[in-house]
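Everything below belongs to input-v3.pdb, which stores PDB, N, CA and C atoms.
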MODEL        1
ATOM      1  N   MET A  28     -35.423   0.318  23.843
ATOM      2  CA  MET A  28     -35.313  -1.065  23.445
ATOM      3  C   MET A  28     -35.079  -1.173  21.935
ATOM      4  N   LEU A  29     -35.721  -0.348  21.172
ATOM      5  CA  LEU A  29     -35.547  -0.372  19.723
ATOM      6  C   LEU A  29     -34.116  -0.002  19.338
ATOM      7  N   ILE A  30     -33.523   0.939  20.045
ATOM      8  CA  ILE A  30     -32.143   1.340  19.757
ATOM      9  C   ILE A  30     -31.189   0.196  20.069
ATOM     10  N   LYS A  31     -31.418  -0.506  21.168
ATOM     11  CA  LYS A  31     -30.567  -1.641  21.523
ATOM     12  C   LYS A  31     -30.675  -2.737  20.461
ATOM     13  N   LEU A  32     -31.857  -2.985  19.992
ATOM     14  CA  LEU A  32     -32.060  -4.007  18.972
ATOM     15  C   LEU A  32     -31.352  -3.621  17.672
ATOM     16  N   ARG A  33     -31.446  -2.349  17.312
ATOM     17  CA  ARG A  33     -30.823  -1.871  16.088
ATOM     18  C   ARG A  33     -29.295  -1.992  16.176
ATOM     19  N   LYS A  34     -28.701  -1.620  17.297
ATOM     20  CA  LYS A  34     -27.254  -1.726  17.471
ATOM     21  C   LYS A  34     -26.811  -3.181  17.409
ATOM     22  N   GLY A  35     -27.589  -4.064  17.972
ATOM     23  CA  GLY A  35     -27.250  -5.487  17.937
ATOM     24  C   GLY A  35     -27.250  -6.022  16.519
ATOM     25  N   LYS A  36     -28.189  -5.579  15.716
ATOM     26  CA  LYS A  36     -28.242  -6.029  14.324
ATOM     27  C   LYS A  36     -27.071  -5.478  13.521
ATOM     28  N   ARG A  37     -26.667  -4.258  13.820
ATOM     29  CA  ARG A  37     -25.517  -3.689  13.125
ATOM     30  C   ARG A  37     -24.256  -4.477  13.438
ATOM     31  N   ALA A  38     -24.081  -4.785  14.692
ATOM     32  CA  ALA A  38     -22.898  -5.543  15.091
ATOM     33  C   ALA A  38     -22.926  -6.932  14.460
ATOM     34  N   GLN A  39     -24.101  -7.506  14.405
ATOM     35  CA  GLN A  39     -24.238  -8.827  13.801
ATOM     36  C   GLN A  39     -23.917  -8.760  12.301
ATOM     37  N   SER A  40     -24.374  -7.735  11.646
ATOM     38  CA  SER A  40     -24.092  -7.567  10.219
ATOM     39  C   SER A  40     -22.605  -7.349   9.981
ATOM     40  N   LEU A  41     -21.978  -6.600  10.867
ATOM     41  CA  LEU A  41     -20.548  -6.348  10.732
ATOM     42  C   LEU A  41     -19.753  -7.645  10.830
ATOM     43  N   VAL A  42     -20.138  -8.516  11.735
ATOM     44  CA  VAL A  42     -19.459  -9.803  11.886
ATOM     45  C   VAL A  42     -19.651 -10.648  10.628
ATOM     46  N   ILE A  43     -20.848 -10.677  10.101
ATOM     47  CA  ILE A  43     -21.124 -11.460   8.891
ATOM     48  C   ILE A  43     -20.331 -10.916   7.703
ATOM     49  N   VAL A  44     -20.286  -9.605   7.558
ATOM     50  CA  VAL A  44     -19.529  -8.994   6.460
ATOM     51  C   VAL A  44     -18.039  -9.280   6.616
ATOM     52  N   ALA A  45     -17.525  -9.188   7.828
ATOM     53  CA  ALA A  45     -16.100  -9.445   8.060
ATOM     54  C   ALA A  45     -15.749 -10.895   7.737
ATOM     55  N   LEU A  46     -16.572 -11.830   8.155
ATOM     56  CA  LEU A  46     -16.311 -13.238   7.858
ATOM     57  C   LEU A  46     -16.430 -13.523   6.365
ATOM     58  N   SER A  47     -17.407 -12.923   5.727
ATOM     59  CA  SER A  47     -17.584 -13.124   4.286
ATOM     60  C   SER A  47     -16.415 -12.540   3.499
ATOM     61  N   ALA A  48     -15.953 -11.361   3.903
ATOM     62  CA  ALA A  48     -14.821 -10.740   3.217
ATOM     63  C   ALA A  48     -13.563 -11.582   3.384
ATOM     64  N   THR A  49     -13.367 -12.125   4.573
ATOM     65  CA  THR A  49     -12.204 -12.978   4.807
ATOM     66  C   THR A  49     -12.260 -14.217   3.921
ATOM     67  N   ALA A  50     -13.414 -14.838   3.839
ATOM     68  CA  ALA A  50     -13.567 -16.021   2.990
ATOM     69  C   ALA A  50     -13.358 -15.661   1.517
ATOM     70  N   LEU A  51     -13.891 -14.529   1.099
ATOM     71  CA  LEU A  51     -13.743 -14.098  -0.291
ATOM     72  C   LEU A  51     -12.281 -13.840  -0.634
ATOM     73  N   PHE A  52     -11.561 -13.155   0.246
ATOM     74  CA  PHE A  52     -10.139 -12.897   0.005
ATOM     75  C   PHE A  52      -9.348 -14.201  -0.038
ATOM     76  N   GLY A  53      -9.721 -15.152   0.782
ATOM     77  CA  GLY A  53      -9.052 -16.452   0.774
ATOM     78  C   GLY A  53      -9.254 -17.180  -0.542
ATOM     79  N   ILE A  54     -10.464 -17.142  -1.057
ATOM     80  CA  ILE A  54     -10.761 -17.793  -2.339
ATOM     81  C   ILE A  54     -10.015 -17.107  -3.480
ATOM     82  N   ILE A  55      -9.958 -15.786  -3.450
ATOM     83  CA  ILE A  55      -9.223 -15.043  -4.480
ATOM     84  C   ILE A  55      -7.737 -15.389  -4.422
ATOM     85  N   ALA A  56      -7.182 -15.439  -3.219
ATOM     86  CA  ALA A  56      -5.761 -15.780  -3.068
ATOM     87  C   ALA A  56      -5.482 -17.189  -3.569
ATOM     88  N   LEU A  57      -6.380 -18.109  -3.291
ATOM     89  CA  LEU A  57      -6.209 -19.484  -3.765
ATOM     90  C   LEU A  57      -6.235 -19.538  -5.294
ATOM     91  N   GLY A  58      -7.119 -18.787  -5.902
ATOM     92  CA  GLY A  58      -7.179 -18.735  -7.365
ATOM     93  C   GLY A  58      -5.918 -18.140  -7.973
ATOM     94  N   LEU A  59      -5.394 -17.090  -7.357
ATOM     95  CA  LEU A  59      -4.160 -16.490  -7.856
ATOM     96  C   LEU A  59      -2.983 -17.452  -7.720
ATOM     97  N   ASP A  60      -2.907 -18.150  -6.602
ATOM     98  CA  ASP A  60      -1.832 -19.126  -6.406
ATOM     99  C   ASP A  60      -1.926 -20.262  -7.421
ATOM    100  N   ALA A  61      -3.128 -20.718  -7.694
ATOM    101  CA  ALA A  61      -3.312 -21.800  -8.665
ATOM    102  C   ALA A  61      -2.894 -21.341 -10.062
ATOM    103  N   GLY A  62      -3.237 -20.130 -10.429
ATOM    104  CA  GLY A  62      -2.836 -19.596 -11.729
ATOM    105  C   GLY A  62      -1.331 -19.444 -11.846
ATOM    106  N   ARG A  63      -0.717 -18.959 -10.773
ATOM    107  CA  ARG A  63       0.740 -18.810 -10.759
ATOM    108  C   ARG A  63       1.421 -20.168 -10.874
ATOM    109  N   LEU A  64       0.904 -21.158 -10.180
ATOM    110  CA  LEU A  64       1.461 -22.508 -10.244
ATOM    111  C   LEU A  64       1.348 -23.074 -11.658
ATOM    112  N   TYR A  65       0.227 -22.831 -12.307
ATOM    113  CA  TYR A  65       0.029 -23.308 -13.676
ATOM    114  C   TYR A  65       1.075 -22.710 -14.617
ATOM    115  N   PHE A  66       1.295 -21.397 -14.510
ATOM    116  CA  PHE A  66       2.247 -20.745 -15.406
ATOM    117  C   PHE A  66       3.684 -21.153 -15.099
ATOM    118  N   GLN A  67       4.016 -21.362 -13.832
ATOM    119  CA  GLN A  67       5.361 -21.832 -13.493
ATOM    120  C   GLN A  67       5.588 -23.239 -14.036
ATOM    121  N   ARG A  68       4.591 -24.084 -13.910
ATOM    122  CA  ARG A  68       4.721 -25.452 -14.423
ATOM    123  C   ARG A  68       4.898 -25.443 -15.939
ATOM    124  N   ARG A  69       4.166 -24.562 -16.609
ATOM    125  CA  ARG A  69       4.290 -24.451 -18.062
ATOM    126  C   ARG A  69       5.692 -23.993 -18.455
ATOM    127  N   ASP A  70       6.246 -23.024 -17.729
ATOM    128  CA  ASP A  70       7.591 -22.539 -18.031
ATOM    129  C   ASP A  70       8.642 -23.625 -17.812
ATOM    130  N   VAL A  71       8.501 -24.392 -16.742
ATOM    131  CA  VAL A  71       9.447 -25.478 -16.477
ATOM    132  C   VAL A  71       9.335 -26.547 -17.560
ATOM    133  N   GLN A  72       8.127 -26.849 -17.994
ATOM    134  CA  GLN A  72       7.942 -27.838 -19.059
ATOM    135  C   GLN A  72       8.549 -27.351 -20.366
ATOM    136  N   ASN A  73       8.393 -26.065 -20.669
ATOM    137  CA  ASN A  73       9.004 -25.510 -21.882
ATOM    138  C   ASN A  73      10.525 -25.608 -21.827
ATOM    139  N   ALA A  74      11.109 -25.347 -20.666
ATOM    140  CA  ALA A  74      12.562 -25.447 -20.517
ATOM    141  C   ALA A  74      13.022 -26.893 -20.686
ATOM    142  N   ALA A  75      12.279 -27.834 -20.123
ATOM    143  CA  ALA A  75      12.632 -29.250 -20.265
ATOM    144  C   ALA A  75      12.516 -29.692 -21.722
ATOM    145  N   ASP A  76      11.490 -29.241 -22.406
ATOM    146  CA  ASP A  76      11.326 -29.583 -23.823
ATOM    147  C   ASP A  76      12.467 -29.004 -24.659
ATOM    148  N   ALA A  77      12.846 -27.758 -24.368
ATOM    149  CA  ALA A  77      13.943 -27.139 -25.109
ATOM    150  C   ALA A  77      15.247 -27.891 -24.864
ATOM    151  N   GLY A  78      15.479 -28.312 -23.635
ATOM    152  CA  GLY A  78      16.681 -29.084 -23.326
ATOM    153  C   GLY A  78      16.694 -30.423 -24.039
ATOM    154  N   ALA A  79      15.553 -31.080 -24.091
ATOM    155  CA  ALA A  79      15.463 -32.369 -24.780
ATOM    156  C   ALA A  79      15.697 -32.201 -26.278
ATOM    157  N   LEU A  80      15.146 -31.155 -26.862
ATOM    158  CA  LEU A  80      15.354 -30.914 -28.294
ATOM    159  C   LEU A  80      16.809 -30.574 -28.593
ATOM    160  N   ALA A  81      17.435 -29.790 -27.736
ATOM    161  CA  ALA A  81      18.844 -29.447 -27.940
ATOM    162  C   ALA A  81      19.717 -30.691 -27.818
ATOM    163  N   GLY A  82      19.409 -31.546 -26.858
ATOM    164  CA  GLY A  82      20.165 -32.788 -26.709
ATOM    165  C   GLY A  82      19.983 -33.710 -27.895
ATOM    166  N   ALA A  83      18.780 -33.788 -28.416
ATOM    167  CA  ALA A  83      18.512 -34.638 -29.580
ATOM    168  C   ALA A  83      19.231 -34.111 -30.813
ATOM    169  N   GLN A  84      19.326 -32.791 -30.940
ATOM    170  CA  GLN A  84      20.035 -32.210 -32.085
ATOM    171  C   GLN A  84      21.515 -32.557 -32.043
ATOM    172  N   GLU A  85      22.085 -32.639 -30.863
ATOM    173  CA  GLU A  85      23.501 -32.989 -30.732
ATOM    174  C   GLU A  85      23.761 -34.431 -31.148
ATOM    175  N   LEU A  86      22.765 -35.277 -31.043
ATOM    176  CA  LEU A  86      22.927 -36.682 -31.395
ATOM    177  C   LEU A  86      22.751 -36.949 -32.886
ATOM    178  N   LEU A  87      22.165 -36.012 -33.605
ATOM    179  CA  LEU A  87      21.951 -36.192 -35.046
ATOM    180  C   LEU A  87      23.274 -36.103 -35.793
ATOM    181  N   PRO A  88      23.445 -36.937 -36.817
ATOM    182  CA  PRO A  88      24.667 -36.834 -37.628
ATOM    183  C   PRO A  88      24.656 -35.534 -38.427
ATOM    184  N   THR A  89      25.828 -34.936 -38.591
ATOM    185  CA  THR A  89      25.910 -33.645 -39.285
ATOM    186  C   THR A  89      26.189 -33.781 -40.768
ATOM    187  N   GLY A  90      26.580 -34.934 -41.225
ATOM    188  CA  GLY A  90      26.831 -35.123 -42.649
ATOM    189  C   GLY A  90      28.306 -35.224 -42.978
ATOM    190  N   SER A  91      29.192 -34.634 -42.211
ATOM    191  CA  SER A  91      30.635 -34.754 -42.459
ATOM    192  C   SER A  91      31.265 -35.508 -41.300
ATOM    193  N   ASN A  92      32.035 -36.533 -41.632
ATOM    194  CA  ASN A  92      32.656 -37.368 -40.609
ATOM    195  C   ASN A  92      34.155 -37.134 -40.521
ATOM    196  N   THR A  93      34.610 -35.938 -40.792
ATOM    197  CA  THR A  93      36.045 -35.676 -40.746
ATOM    198  C   THR A  93      36.484 -35.154 -39.420
TER     199      THR A  93
ENDMDL
END
Kindly transcribe the structure held in the file into structure tokens.
Amino acid sequence: MLIKLRKGKRAQSLVIVALSATALFGIIALGLDAGRLYFQRRDVQNAADAGALAGAQELLPTGSNT
């Protein structure tokens, strides 16, 4: 009876560890995706800012009207 009880606890622990590991990996993946999204958004914003500055420079007078 003691051996049966011990095996049952091992199996129960294995299930808990497997579920916990799955949840942990999911949280890590979510954090990585959020970080990647942040950096992509920053890069797109930098490109938009550079485009706006380049467009504004084209509108500035150059000093010679010939």
Output, as lines of an AutoDock Vina configuration file, the centre and edge lengths in Å (one decimal) of the axis-aligned box that contains all listed atoms of range 63-79 of chain A with 6 Å of margin on each side.
center_x = 8.0
center_y = -25.6
center_z = -18.2
size_x = 29.4
size_y = 25.6
size_z = 28.1
For the atom pair atom N of Leu80 in chain A and atom C of Gln67 in chain A, what is the interatomic distance in Å to one decimal place?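 For atom N of Leu80 in chain A relative to atom C of Gln67 in chain A, the distance reads 17.8 Å.
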As an exercise, work out the distance from atom C of Ser40 in chain A to atom C of Phe52 in chain A in Å and give it to one decimal place. 18.0 Å
Could you check how far atom N of Ala83 in chain A sits from CA of Leu64 in chain A, in Å to one decimal?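 Between atom N of Ala83 in chain A and CA of Leu64 in chain A the gap works out to 27.5 Å.
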